[in-house]
>>> print(open('protein-v3.cif').read())   # mmCIF, C-alpha atoms
data_entry
loop_
_atom_site.label_atom_id
_atom_site.label_comp_id
_atom_site.auth_asym_id
_atom_site.auth_seq_id
_atom_site.Cartn_x
_atom_site.Cartn_y
_atom_site.Cartn_z
CA MET A 1 61.46 -3.01 27.64
CA ASN A 2 61.88 -5.46 30.44
CA PHE A 3 58.30 -4.93 31.41
CA ILE A 4 57.04 -5.66 27.94
CA MET A 5 59.17 -8.81 27.69
CA ARG A 6 57.94 -10.10 30.99
CA HIS A 7 54.32 -9.41 30.22
CA GLN A 8 54.38 -10.28 26.57
CA SER A 9 52.13 -13.33 26.84
CA THR A 10 49.66 -11.49 29.04
CA LEU A 11 49.59 -8.63 26.60
CA THR A 12 49.02 -10.94 23.64
CA CYS A 13 46.21 -12.58 25.53
CA ALA A 14 44.62 -9.25 26.31
CA ILE A 15 44.83 -8.11 22.72
CA LEU A 16 43.39 -11.37 21.48
CA LEU A 17 40.57 -11.14 24.00
CA ALA A 18 39.78 -7.58 23.02
CA ALA A 19 39.79 -8.53 19.34
CA THR A 20 37.42 -11.43 19.93
CA LEU A 21 35.08 -9.28 21.96
CA PHE A 22 35.15 -6.64 19.29
CA ALA A 23 34.46 -9.10 16.51
CA SER A 24 31.60 -10.76 18.34
CA SER A 25 30.04 -7.43 19.25
CA CYS A 26 30.13 -6.52 15.58
CA LYS A 27 28.24 -9.66 14.72
CA GLU A 28 25.62 -9.00 17.36
CA GLU A 29 22.26 -9.30 15.65
CA ARG A 30 19.90 -6.40 15.17
CA LYS A 31 17.04 -6.49 17.65
CA LEU A 32 13.71 -4.78 17.18
CA PRO A 33 12.55 -2.39 19.89
CA ILE A 34 9.51 -3.14 22.04
CA TYR A 35 6.86 -0.42 21.82
CA GLY A 36 4.03 0.66 24.07
CA LEU A 37 3.64 1.46 27.74
CA ARG A 38 5.66 -0.56 30.19
CA ASP A 39 5.37 -1.36 33.83
CA THR A 40 7.49 -3.14 36.40
CA LYS A 41 6.62 -5.86 38.78
CA THR A 42 8.47 -7.33 41.72
CA VAL A 43 9.30 -10.98 41.36
CA LYS A 44 10.70 -13.53 43.78
CA ASN A 45 13.88 -15.12 42.48
CA SER A 46 14.50 -18.81 42.99
CA ASP A 47 17.05 -18.09 45.74
CA GLY A 48 14.44 -16.19 47.73
CA THR A 49 15.71 -12.69 46.92
CA GLN A 50 13.49 -10.12 45.21
CA GLY A 51 13.98 -8.77 41.71
CA VAL A 52 12.24 -6.43 39.30
CA ASP A 53 10.83 -7.47 35.95
CA THR A 54 9.61 -5.29 33.10
CA VAL A 55 6.05 -5.86 31.95
CA TYR A 56 5.43 -4.85 28.36
CA GLN A 57 2.20 -3.75 26.79
CA THR A 58 0.52 -6.64 25.01
CA ILE A 59 -2.47 -7.13 22.72
CA PRO A 60 -5.33 -8.22 25.00
CA ALA A 61 -7.66 -11.13 24.32
CA PHE A 62 -10.01 -10.55 21.39
CA LYS A 63 -12.74 -12.46 19.61
CA PHE A 64 -14.00 -11.41 16.17
CA LEU A 65 -15.86 -12.93 13.24
CA ASN A 66 -13.62 -13.55 10.25
CA GLN A 67 -14.39 -13.57 6.51
CA ASP A 68 -15.74 -17.11 6.81
CA SER A 69 -18.08 -16.06 9.67
CA VAL A 70 -16.01 -18.08 12.14
CA TYR A 71 -14.93 -16.58 15.45
CA ILE A 72 -11.20 -16.18 15.78
CA THR A 73 -9.20 -15.21 18.86
CA ASN A 74 -5.57 -14.65 19.81
CA ASP A 75 -5.17 -18.43 19.69
CA HIS A 76 -5.21 -18.22 15.92
CA PHE A 77 -1.90 -16.33 16.12
CA LYS A 78 -0.32 -18.35 18.91
CA GLY A 79 3.42 -18.73 18.48
CA LYS A 80 3.33 -16.61 15.31
CA VAL A 81 4.46 -13.22 14.21
CA TYR A 82 1.66 -11.20 12.65
CA ILE A 83 0.98 -7.89 10.99
CA ALA A 84 -2.21 -6.07 11.92
CA ASP A 85 -3.95 -3.12 10.30
CA PHE A 86 -7.25 -1.22 10.24
CA PHE A 87 -9.13 -0.49 7.02
CA PHE A 88 -12.58 -0.71 5.40
CA THR A 89 -13.60 -2.19 2.08
CA SER A 90 -15.16 0.93 0.55
CA CYS A 91 -12.17 3.11 1.41
CA THR A 92 -11.07 5.08 -1.65
CA SER A 93 -7.94 6.69 -0.27
CA ILE A 94 -5.11 4.91 1.54
CA CYS A 95 -6.46 1.36 1.98
CA PRO A 96 -5.79 0.25 -1.60
CA ILE A 97 -2.15 1.32 -1.21
CA MET A 98 -1.77 -0.35 2.20
CA HIS A 99 -3.22 -3.59 0.93
CA ARG A 100 -1.30 -3.52 -2.35
CA ASN A 101 1.86 -3.33 -0.21
CA LEU A 102 0.74 -5.84 2.40
CA LYS A 103 -0.23 -8.27 -0.34
CA MET A 104 3.29 -7.95 -1.77
CA ILE A 105 4.70 -8.80 1.68
CA SER A 106 2.29 -11.70 2.14
CA GLU A 107 3.50 -13.13 -1.15
CA LYS A 108 7.12 -12.90 0.01
CA PHE A 109 6.28 -14.90 3.16
CA LYS A 110 3.65 -17.18 1.70
CA ASP A 111 5.66 -20.32 2.45
CA ASN A 112 6.41 -19.34 6.04
CA PRO A 113 3.67 -20.60 8.38
CA ASP A 114 4.99 -18.40 11.21
CA VAL A 115 3.95 -15.15 9.53
CA MET A 116 0.30 -14.12 9.48
CA PHE A 117 -1.87 -11.11 8.67
CA LEU A 118 -4.85 -9.59 10.46
CA SER A 119 -6.95 -6.80 8.94
CA HIS A 120 -9.72 -5.27 11.04
CA THR A 121 -12.53 -3.39 9.36
CA ILE A 122 -13.61 -0.17 11.04
CA ASP A 123 -16.84 -0.06 9.01
CA PHE A 124 -19.10 -1.82 11.49
CA LYS A 125 -22.19 -0.94 9.42
CA TYR A 126 -21.37 -2.31 6.02
CA ASP A 127 -18.35 -4.64 6.19
CA THR A 128 -20.04 -7.84 7.35
CA PRO A 129 -18.12 -11.13 7.00
CA SER A 130 -19.59 -11.80 3.54
CA VAL A 131 -18.44 -8.37 2.33
CA LEU A 132 -14.99 -9.08 3.77
CA LYS A 133 -14.96 -12.46 2.03
CA LYS A 134 -15.64 -10.85 -1.35
CA TYR A 135 -12.97 -8.26 -0.67
CA ALA A 136 -10.35 -10.89 0.27
CA GLU A 137 -11.15 -12.92 -2.84
CA LYS A 138 -10.89 -9.88 -5.07
CA LEU A 139 -7.65 -8.74 -3.47
CA GLY A 140 -6.47 -12.28 -4.21
CA VAL A 141 -5.40 -13.24 -0.69
CA ASP A 142 -8.30 -15.30 0.66
CA GLY A 143 -6.83 -18.02 2.86
CA PRO A 144 -6.14 -18.86 6.51
CA LYS A 145 -2.92 -16.84 6.55
CA TRP A 146 -4.63 -13.49 6.16
CA GLN A 147 -7.63 -12.96 8.39
CA PHE A 148 -10.16 -10.18 7.78
CA VAL A 149 -12.21 -9.52 10.87
CA TYR A 150 -15.43 -7.77 11.79
CA GLY A 151 -16.45 -6.71 15.28
CA PRO A 152 -18.59 -4.24 17.17
CA ARG A 153 -17.46 -0.63 16.96
CA ASP A 154 -16.38 -0.35 20.59
CA SER A 155 -14.17 -3.42 20.69
CA VAL A 156 -12.48 -2.72 17.36
CA TYR A 157 -11.95 1.00 17.96
CA THR A 158 -10.67 0.49 21.52
CA LEU A 159 -8.33 -2.25 20.39
CA ALA A 160 -7.01 -0.03 17.60
CA GLU A 161 -6.33 2.99 19.76
CA LYS A 162 -5.35 1.49 23.10
CA SER A 163 -3.56 -1.67 22.03
CA TYR A 164 -2.27 -1.30 18.48
CA LEU A 165 -1.83 2.48 18.90
CA VAL A 166 -3.56 3.25 15.59
CA ALA A 167 -6.00 6.17 15.42
CA VAL A 168 -9.38 5.34 13.84
CA ASN A 169 -12.64 7.25 13.76
CA VAL A 170 -16.00 7.87 12.19
CA ASP A 171 -15.93 11.15 10.26
CA SER A 172 -19.04 12.36 8.50
CA THR A 173 -17.13 15.19 6.82
CA ASN A 174 -14.91 12.71 5.00
CA ARG A 175 -16.32 11.44 1.72
CA ASP A 176 -15.69 7.84 2.78
CA GLY A 177 -17.21 8.36 6.24
CA TYR A 178 -14.20 7.13 8.22
CA VAL A 179 -10.66 8.24 8.88
CA HIS A 180 -7.79 6.12 10.10
CA GLN A 181 -4.03 5.83 10.09
CA GLY A 182 -2.39 3.49 7.63
CA PHE A 183 -0.01 1.73 9.98
CA LEU A 184 1.01 -1.88 9.55
CA VAL A 185 1.72 -3.05 13.10
CA LEU A 186 4.19 -5.88 13.68
CA ILE A 187 3.32 -8.12 16.64
CA ASP A 188 5.61 -10.77 18.11
CA LYS A 189 4.64 -14.17 19.45
CA ASP A 190 4.36 -12.70 22.96
CA ARG A 191 1.71 -10.27 21.66
CA ARG A 192 4.02 -7.26 21.96
CA ILE A 193 4.31 -4.41 19.43
CA ARG A 194 7.68 -4.57 17.70
CA GLY A 195 7.15 -2.08 14.90
CA ALA A 196 4.67 0.23 13.20
CA TYR A 197 5.17 1.08 9.53
CA ASP A 198 3.26 3.50 7.33
CA GLY A 199 1.69 1.12 4.82
CA THR A 200 1.54 3.84 2.16
CA ASN A 201 5.25 4.64 2.34
CA PRO A 202 7.45 2.39 0.15
CA GLU A 203 10.57 2.81 2.33
CA GLN A 204 8.72 1.90 5.51
CA VAL A 205 7.11 -1.08 3.82
CA ALA A 206 10.57 -2.22 2.68
CA GLN A 207 11.75 -1.86 6.29
CA LEU A 208 8.88 -4.04 7.50
CA GLU A 209 9.89 -6.67 5.00
CA LYS A 210 13.43 -6.61 6.44
CA ASP A 211 12.27 -6.59 10.06
CA ILE A 212 10.05 -9.68 9.85
CA PRO A 213 13.01 -12.09 9.47
CA VAL A 214 14.80 -10.31 12.35
CA LEU A 215 11.82 -10.96 14.59
CA LEU A 216 11.52 -14.56 13.40
CA ALA A 217 15.21 -15.15 14.13
CA GLU A 218 14.79 -13.79 17.65
CA ASP A 219 12.03 -16.28 18.35
CA LYS A 220 14.23 -19.14 17.21
CA LYS A 221 16.73 -18.52 20.05
CA MET B 1 13.15 26.40 -64.26
CA ARG B 2 10.88 29.08 -62.74
CA LYS B 3 8.11 26.54 -62.51
CA PHE B 4 10.36 24.16 -60.68
CA THR B 5 11.44 26.85 -58.17
CA LEU B 6 7.82 27.78 -57.53
CA ILE B 7 6.75 24.21 -56.95
CA SER B 8 9.61 23.52 -54.60
CA LEU B 9 8.95 26.77 -52.69
CA VAL B 10 5.29 25.98 -52.27
CA SER B 11 5.92 22.43 -51.20
CA LEU B 12 8.63 23.55 -48.80
CA THR B 13 6.22 26.02 -47.20
CA LEU B 14 3.54 23.37 -46.97
CA ILE B 15 5.93 20.89 -45.41
CA SER B 16 7.21 23.38 -42.85
CA MET B 17 3.65 24.46 -42.02
CA PHE B 18 2.64 20.89 -41.51
CA TYR B 19 5.73 20.24 -39.46
CA SER B 20 5.30 23.26 -37.19
CA CYS B 21 1.65 22.35 -36.58
CA GLN B 22 2.80 18.88 -35.71
CA THR B 23 5.33 20.16 -33.20
CA ALA B 24 2.90 22.68 -31.71
CA GLU B 25 0.48 19.85 -31.15
CA ASN B 26 3.27 17.68 -29.77
CA VAL B 27 4.28 20.39 -27.35
CA GLN B 28 0.71 20.69 -26.14
CA GLN B 29 0.38 16.93 -25.90
CA ASP B 30 3.58 16.72 -23.85
CA ALA B 31 2.29 19.41 -21.49
CA TYR B 32 -1.01 17.58 -21.09
CA TYR B 33 0.84 14.32 -20.52
CA VAL B 34 3.10 15.74 -17.81
CA ASN B 35 0.23 17.44 -15.97
CA GLY B 36 -1.87 14.35 -16.45
CA ARG B 37 0.79 12.27 -14.78
CA ASP B 38 0.72 14.52 -11.69
CA LEU B 39 -3.07 14.28 -11.56
CA TYR B 40 -2.88 10.52 -11.95
CA LEU B 41 -0.45 10.26 -9.06
CA LYS B 42 -2.69 12.36 -6.87
CA HIS B 43 -6.10 10.89 -7.71
CA CYS B 44 -5.78 7.50 -9.39
CA GLN B 45 -2.55 5.71 -8.57
CA ASN B 46 -3.70 4.45 -5.15
CA CYS B 47 -6.23 2.19 -6.85
CA HIS B 48 -4.94 1.68 -10.39
CA GLY B 49 -1.24 1.38 -9.48
CA ALA B 50 1.96 3.09 -10.59
CA LYS B 51 2.09 1.05 -13.80
CA GLY B 52 -1.68 1.04 -14.34
CA GLU B 53 -1.63 -2.59 -13.24
CA GLY B 54 -4.81 -2.42 -11.13
CA LEU B 55 -5.26 -4.33 -7.85
CA GLY B 56 -6.41 -7.94 -7.89
CA THR B 57 -9.96 -7.97 -9.21
CA LEU B 58 -10.86 -5.02 -7.00
CA THR B 59 -9.59 -2.45 -9.50
CA PRO B 60 -9.11 -3.07 -13.24
CA PRO B 61 -5.80 -2.29 -14.94
CA LEU B 62 -5.53 0.58 -17.41
CA THR B 63 -3.33 -1.42 -19.77
CA ASP B 64 -5.99 -2.79 -22.14
CA SER B 65 -5.42 -0.83 -25.37
CA ILE B 66 -8.52 -2.28 -27.00
CA PHE B 67 -10.68 -1.16 -24.08
CA MET B 68 -9.09 2.29 -24.11
CA LYS B 69 -9.65 2.74 -27.86
CA ALA B 70 -13.20 1.39 -27.83
CA ASN B 71 -14.21 3.50 -24.83
CA LYS B 72 -12.22 6.64 -25.48
CA GLU B 73 -15.32 8.85 -25.65
CA LYS B 74 -16.53 7.40 -22.35
CA LEU B 75 -13.36 8.04 -20.35
CA ALA B 76 -14.40 11.60 -19.46
CA CYS B 77 -17.73 10.34 -18.09
CA ILE B 78 -16.02 7.54 -16.15
CA ILE B 79 -13.65 9.98 -14.50
CA LYS B 80 -16.21 12.71 -13.80
CA ASN B 81 -19.07 10.52 -12.61
CA GLY B 82 -17.33 7.37 -11.44
CA ILE B 83 -18.56 3.97 -12.56
CA SER B 84 -20.31 1.06 -10.90
CA THR B 85 -21.58 -0.98 -13.83
CA PRO B 86 -19.47 -4.07 -14.62
CA VAL B 87 -16.56 -3.55 -17.03
CA THR B 88 -14.56 -6.15 -18.93
CA VAL B 89 -10.84 -5.44 -19.12
CA HIS B 90 -8.36 -7.93 -20.61
CA GLY B 91 -11.20 -10.46 -20.64
CA GLN B 92 -11.79 -10.19 -16.89
CA VAL B 93 -15.11 -8.87 -15.57
CA TYR B 94 -14.80 -6.28 -12.78
CA GLU B 95 -17.72 -5.46 -10.56
CA GLY B 96 -16.40 -2.68 -8.42
CA LYS B 97 -17.21 0.92 -7.77
CA MET B 98 -15.06 3.84 -8.76
CA PRO B 99 -15.84 7.16 -7.05
CA GLU B 100 -16.59 10.33 -9.02
CA PHE B 101 -13.95 13.02 -9.44
CA ASN B 102 -15.02 16.62 -9.44
CA LEU B 103 -12.30 17.90 -11.76
CA ALA B 104 -12.17 20.72 -14.31
CA ASN B 105 -12.51 19.66 -17.96
CA ILE B 106 -8.91 20.55 -18.69
CA ASP B 107 -7.78 18.27 -15.87
CA VAL B 108 -9.91 15.46 -17.27
CA ALA B 109 -8.36 16.05 -20.71
CA GLN B 110 -4.87 15.89 -19.24
CA LEU B 111 -5.73 12.67 -17.41
CA VAL B 112 -7.13 11.13 -20.59
CA VAL B 113 -3.98 12.10 -22.52
CA TYR B 114 -1.88 10.53 -19.78
CA ILE B 115 -3.75 7.23 -19.43
CA THR B 116 -4.06 6.77 -23.20
CA ASN B 117 -0.34 7.40 -23.81
CA ALA B 118 1.22 5.80 -20.74
CA PHE B 119 1.07 2.09 -19.81
CA GLY B 120 2.07 1.01 -23.31
CA HIS B 121 -0.57 3.06 -25.17
CA LYS B 122 0.17 5.61 -27.88
CA GLN B 123 -3.10 7.27 -28.76
CA GLY B 124 -2.00 10.87 -29.12
CA MET B 125 -3.65 14.16 -28.17
CA TYR B 126 -7.13 14.61 -26.71
CA THR B 127 -8.45 18.16 -26.29
CA THR B 128 -10.51 19.87 -23.62
CA GLN B 129 -13.07 20.58 -26.35
CA GLN B 130 -13.42 16.85 -27.03
CA ILE B 131 -13.88 16.23 -23.29
CA GLU B 132 -16.62 18.87 -23.21
CA ASN B 133 -18.44 17.12 -26.06
CA ASP B 134 -18.00 13.70 -24.48
CA LEU B 135 -19.45 14.93 -21.19
CA LYS B 136 -22.68 15.94 -22.95
CA ASN B 137 -23.26 12.29 -23.80
CA CYS B 138 -22.75 10.75 -20.35
CA LYS B 139 -25.40 8.22 -19.43
#
>>> encode(input="protein-v3.cif", output="structure tokens")
Amino acid sequence: MNFIMRHQSTLTCAILLAATLFASSCKEERKLPIYGLRDTKTVKNSDGTQGVDTVYQTIPAFKFLNQDSVYITNDHFKGKVYIADFFFTSCTSICPIMHRNLKMISEKFKDNPDVMFLSHTIDFKYDTPSVLKKYAEKLGVDGPKWQFVYGPRDSVYTLAEKSYLVAVNVDSTNRDGYVHQGFLVLIDKDRRIRGAYDGTNPEQVAQLEKDIPVLLAEDKK
Amino acid sequence: MRKFTLISLVSLTLISMFYSCQTAENVQQDAYYVNGRDLYLKHCQNCHGAKGEGLGTLTPPLTDSIFMKANKEKLACIIKNGISTPVTVHGQVYEGKMPEFNLANIDVAQLVVYITNAFGHKQGMYTTQQIENDLKNCK
């Protein structure tokens, strides 16, 4: 009893502190994971001591022709969040679903200049910039916000598999001639992968729609 | 009085015959519709959409009742052989390419029943026999 009396103020303080901590931890914002391989590097701190930093996998420099036959590079997406995918215009299976869903998302964020879209064709034979232009117009999304790009097989396929972690391939046994995964890959302004969503799955597409604002909020801090 | 009984008996029989034919046809139509919906989901929905709404001007919608009525005998050919000649749907010209579908005639019939009774249409039954005839006239 005596003990409690004597320490009452301390106790109240402790309880208050715990409650505040608890409340603030509850409010802690959701953060998206960072995907891909990671590495560490030793860095020199300002006080001369050594520290270790994590190096995340990033999308390397690229340069492709877009639907207006203009070269675009990473600079086009500088300081922006973007969603990348791999498709081809004559695809009769999953691409229409992916792009129906991505179009819906692009409409939701059409007034936000910090959100962009980047679709790479994997049909290096047929999908020239003018074919991509027609496709974009017909899909109803032709504009600077959504880039459709064409590049040599090696650069596009390597970028897909090594950097965006999306499997793509030529397949002569498939009636369309190509096979690929339908992922929509969310990239942050530091070129890191923050999410991969199956563009044919309504729940995953809904999740992507929820995750974009989370990523945008993170960049604001 | 006997005459009256006879007439009412005959007409009752006729009515019930008519009615049972109706329901038999309805039952068959419902079965075609349900199977047709599954086939639609599997083969067509990716391009034409869950509500038959199409996709931009890449893929036309299936909601144009006038088109569906006017081209009913061509639907089997469109599904079986695909189509790449321009089509006008709801006043919009589409210049795309739909792939061919190697389906059995009964599947085509079920698809036709589905797409001509879903999406706001109500065009009734279409038989496998009709599909067979239509397919003889494909261009």
>>> interface_residues(input="protein-v3.cif", of="chain A", to="chain B", cutoff="6 Å", atoms="all atoms listed in the file", output="list in words")
Pro96, Ile97, Lys138, Leu139 and Gly140 of chain A
>>> resolve_selection(input="protein-v3.cif", expression="the PyMOL selection byres ((chain A and resi 161) around 12)", output="MDAnalysis selection string")
chainID A and resid 36 59 85:86 122 154:160 162:169 180:181 183
>>> resolve_selection(input="protein-v3.cif", expression="the PyMOL selection byres ((chain B and resi 106-123) around 6)", output="number ranges by chain")
B: 32-33, 36-37, 63, 104-105, 124, 126-128
>>> atom_distance(input="protein-v3.cif", atom1="CA of Ile83 (chain B)", atom2="CA of Lys125 (chain A)")
22.8 Å
>>> resolve_selection(input="protein-v3.cif", expression="the PyMOL selection byres ((chain A and resi 202-217) around 10)", output="MDAnalysis selection string")
chainID A and resid 29:32 80:83 97:98 101:102 104:106 108:109 114:115 183:189 194:201 218:221
>>> atom_distance(input="protein-v3.cif", atom1="CA of Asp190 (chain A)", atom2="CA of Phe117 (chain A)")
15.7 Å
>>> axis_aligned_box(input="protein-v3.cif", around="region 59-64 of chain A", padding_each_side="5 Å", output="AutoDock Vina command-line options")
--center_x -8.2 --center_y -9.8 --center_z 20.6 --size_x 21.5 --size_y 15.3 --size_z 18.8
>>> atom_distance(input="protein-v3.cif", atom1="CA of Phe62 (chain A)", atom2="CA of Phe148 (chain A)")
13.6 Å
>>> closest_residue(input="protein-v3.cif", among="A:Arg153, A:Arg192, A:Arg175, A:His76", to="Arg38 (chain A)", atoms="all atoms listed in the file")
A:Arg192
>>> residues_near_point(input="protein-v3.cif", point="(-15.7, -7.7, 10.6)", cutoff="10 Å", atoms="only C-alpha atoms", output="list in words")
Phe64, Leu65, Asn66, Gln67, Ser69, Phe88, Ser119, His120, Thr121, Ile122, Asp123, Phe124, Lys125, Tyr126, Asp127, Thr128, Pro129, Ser130, Val131, Leu132, Lys133, Gln147, Phe148, Val149, Tyr150, Gly151, Pro152, Arg153 and Val156 of chain A
>>> closest_residue(input="protein-v3.cif", among="A:Asp176, A:Asp142, A:Ala61, A:Lys134", to="Thr92 (chain A)", atoms="only C-alpha atoms")
A:Asp176
>>> residues_near_point(input="protein-v3.cif", point="(-11.9, -4.4, -20.8)", cutoff="10 Å", atoms="only C-alpha atoms", output="list in words")
Pro60, Pro61, Leu62, Thr63, Asp64, Ser65, Ile66, Phe67, Met68, Ala70, Asn71, Pro86, Val87, Thr88, Val89, His90, Gly91, Gln92, Val93 and Tyr94 of chain B
>>> write_last_selection(input="protein-v3.cif", atoms="C-alpha atoms", output="mmCIF file, in the coordinates of the input")
data_model
loop_
_atom_site.group_PDB
_atom_site.id
_atom_site.type_symbol
_atom_site.label_atom_id
_atom_site.label_comp_id
_atom_site.auth_asym_id
_atom_site.auth_seq_id
_atom_site.Cartn_x
_atom_site.Cartn_y
_atom_site.Cartn_z
ATOM 1 C CA PRO B 60 -9.110 -3.070 -13.240
ATOM 2 C CA PRO B 61 -5.800 -2.290 -14.940
ATOM 3 C CA LEU B 62 -5.530 0.580 -17.410
ATOM 4 C CA THR B 63 -3.330 -1.420 -19.770
ATOM 5 C CA ASP B 64 -5.990 -2.790 -22.140
ATOM 6 C CA SER B 65 -5.420 -0.830 -25.370
ATOM 7 C CA ILE B 66 -8.520 -2.280 -27.000
ATOM 8 C CA PHE B 67 -10.680 -1.160 -24.080
ATOM 9 C CA MET B 68 -9.090 2.290 -24.110
ATOM 10 C CA ALA B 70 -13.200 1.390 -27.830
ATOM 11 C CA ASN B 71 -14.210 3.500 -24.830
ATOM 12 C CA PRO B 86 -19.470 -4.070 -14.620
ATOM 13 C CA VAL B 87 -16.560 -3.550 -17.030
ATOM 14 C CA THR B 88 -14.560 -6.150 -18.930
ATOM 15 C CA VAL B 89 -10.840 -5.440 -19.120
ATOM 16 C CA HIS B 90 -8.360 -7.930 -20.610
ATOM 17 C CA GLY B 91 -11.200 -10.460 -20.640
ATOM 18 C CA GLN B 92 -11.790 -10.190 -16.890
ATOM 19 C CA VAL B 93 -15.110 -8.870 -15.570
ATOM 20 C CA TYR B 94 -14.800 -6.280 -12.780
#
>>> residues_around(input="protein-v3.cif", residues="Glu100 (chain B)", least_positions_apart="2", cutoff="6 Å", atoms="only C-alpha atoms", output="list in words")
Lys80, Asn81 and Gly82 of chain B
>>> write_last_selection(input="protein-v3.cif", atoms="C-alpha atoms", output="mmCIF file, in the coordinates of the input")
data_model
loop_
_atom_site.group_PDB
_atom_site.id
_atom_site.type_symbol
_atom_site.label_atom_id
_atom_site.label_comp_id
_atom_site.auth_asym_id
_atom_site.auth_seq_id
_atom_site.Cartn_x
_atom_site.Cartn_y
_atom_site.Cartn_z
ATOM 1 C CA LYS B 80 -16.210 12.710 -13.800
ATOM 2 C CA ASN B 81 -19.070 10.520 -12.610
ATOM 3 C CA GLY B 82 -17.330 7.370 -11.440
#
>>> closest_residue(input="protein-v3.cif", among="A:Thr40, A:Thr89, A:Thr173, A:Thr73", to="Ala136 (chain A)", atoms="all atoms listed in the file")
A:Thr89
>>> build_atoms(input="protein-v3.cif", residues="region 40-45 of chain B", atoms="all heavy atoms", output="short mmCIF file (atom, residue, chain, number, x, y, z; two decimals), in the coordinates of the input")
data_model
loop_
_atom_site.label_atom_id
_atom_site.label_comp_id
_atom_site.auth_asym_id
_atom_site.auth_seq_id
_atom_site.Cartn_x
_atom_site.Cartn_y
_atom_site.Cartn_z
N TYR B 40 -2.73 11.97 -12.13
CA TYR B 40 -2.88 10.52 -11.95
C TYR B 40 -2.29 10.09 -10.61
O TYR B 40 -2.92 9.34 -9.85
CB TYR B 40 -2.18 9.78 -13.10
CG TYR B 40 -2.33 8.28 -12.99
CD1 TYR B 40 -3.48 7.63 -13.44
CD2 TYR B 40 -1.34 7.50 -12.38
CE1 TYR B 40 -3.64 6.26 -13.30
CE2 TYR B 40 -1.48 6.13 -12.24
CZ TYR B 40 -2.64 5.52 -12.70
OH TYR B 40 -2.79 4.16 -12.55
N LEU B 41 -1.11 10.59 -10.31
CA LEU B 41 -0.45 10.26 -9.06
C LEU B 41 -1.31 10.64 -7.86
O LEU B 41 -1.42 9.91 -6.88
CB LEU B 41 0.86 11.05 -8.98
CG LEU B 41 2.09 10.20 -8.77
CD1 LEU B 41 3.08 10.44 -9.88
CD2 LEU B 41 2.70 10.55 -7.43
N LYS B 42 -1.92 11.82 -7.98
CA LYS B 42 -2.69 12.36 -6.87
C LYS B 42 -4.04 11.65 -6.71
O LYS B 42 -4.47 11.38 -5.59
CB LYS B 42 -2.90 13.85 -7.14
CG LYS B 42 -3.57 14.59 -6.02
CD LYS B 42 -3.32 16.09 -6.14
CE LYS B 42 -4.21 16.81 -5.15
NZ LYS B 42 -4.85 17.98 -5.74
N HIS B 43 -4.71 11.35 -7.80
CA HIS B 43 -6.10 10.89 -7.71
C HIS B 43 -6.31 9.41 -8.04
O HIS B 43 -7.31 8.83 -7.62
CB HIS B 43 -6.99 11.70 -8.67
CG HIS B 43 -7.05 13.16 -8.36
ND1 HIS B 43 -7.63 13.65 -7.21
CD2 HIS B 43 -6.58 14.23 -9.04
CE1 HIS B 43 -7.54 14.97 -7.21
NE2 HIS B 43 -6.91 15.35 -8.30
N CYS B 44 -5.46 8.82 -8.82
CA CYS B 44 -5.78 7.50 -9.39
C CYS B 44 -4.82 6.39 -9.00
O CYS B 44 -5.21 5.22 -8.96
CB CYS B 44 -5.80 7.57 -10.91
SG CYS B 44 -6.41 9.12 -11.60
N GLN B 45 -3.57 6.74 -8.74
CA GLN B 45 -2.55 5.71 -8.57
C GLN B 45 -2.82 4.79 -7.39
O GLN B 45 -2.48 3.61 -7.44
CB GLN B 45 -1.18 6.38 -8.41
CG GLN B 45 -0.06 5.39 -8.26
CD GLN B 45 1.29 6.01 -8.54
OE1 GLN B 45 1.48 6.65 -9.56
NE2 GLN B 45 2.22 5.85 -7.62
#
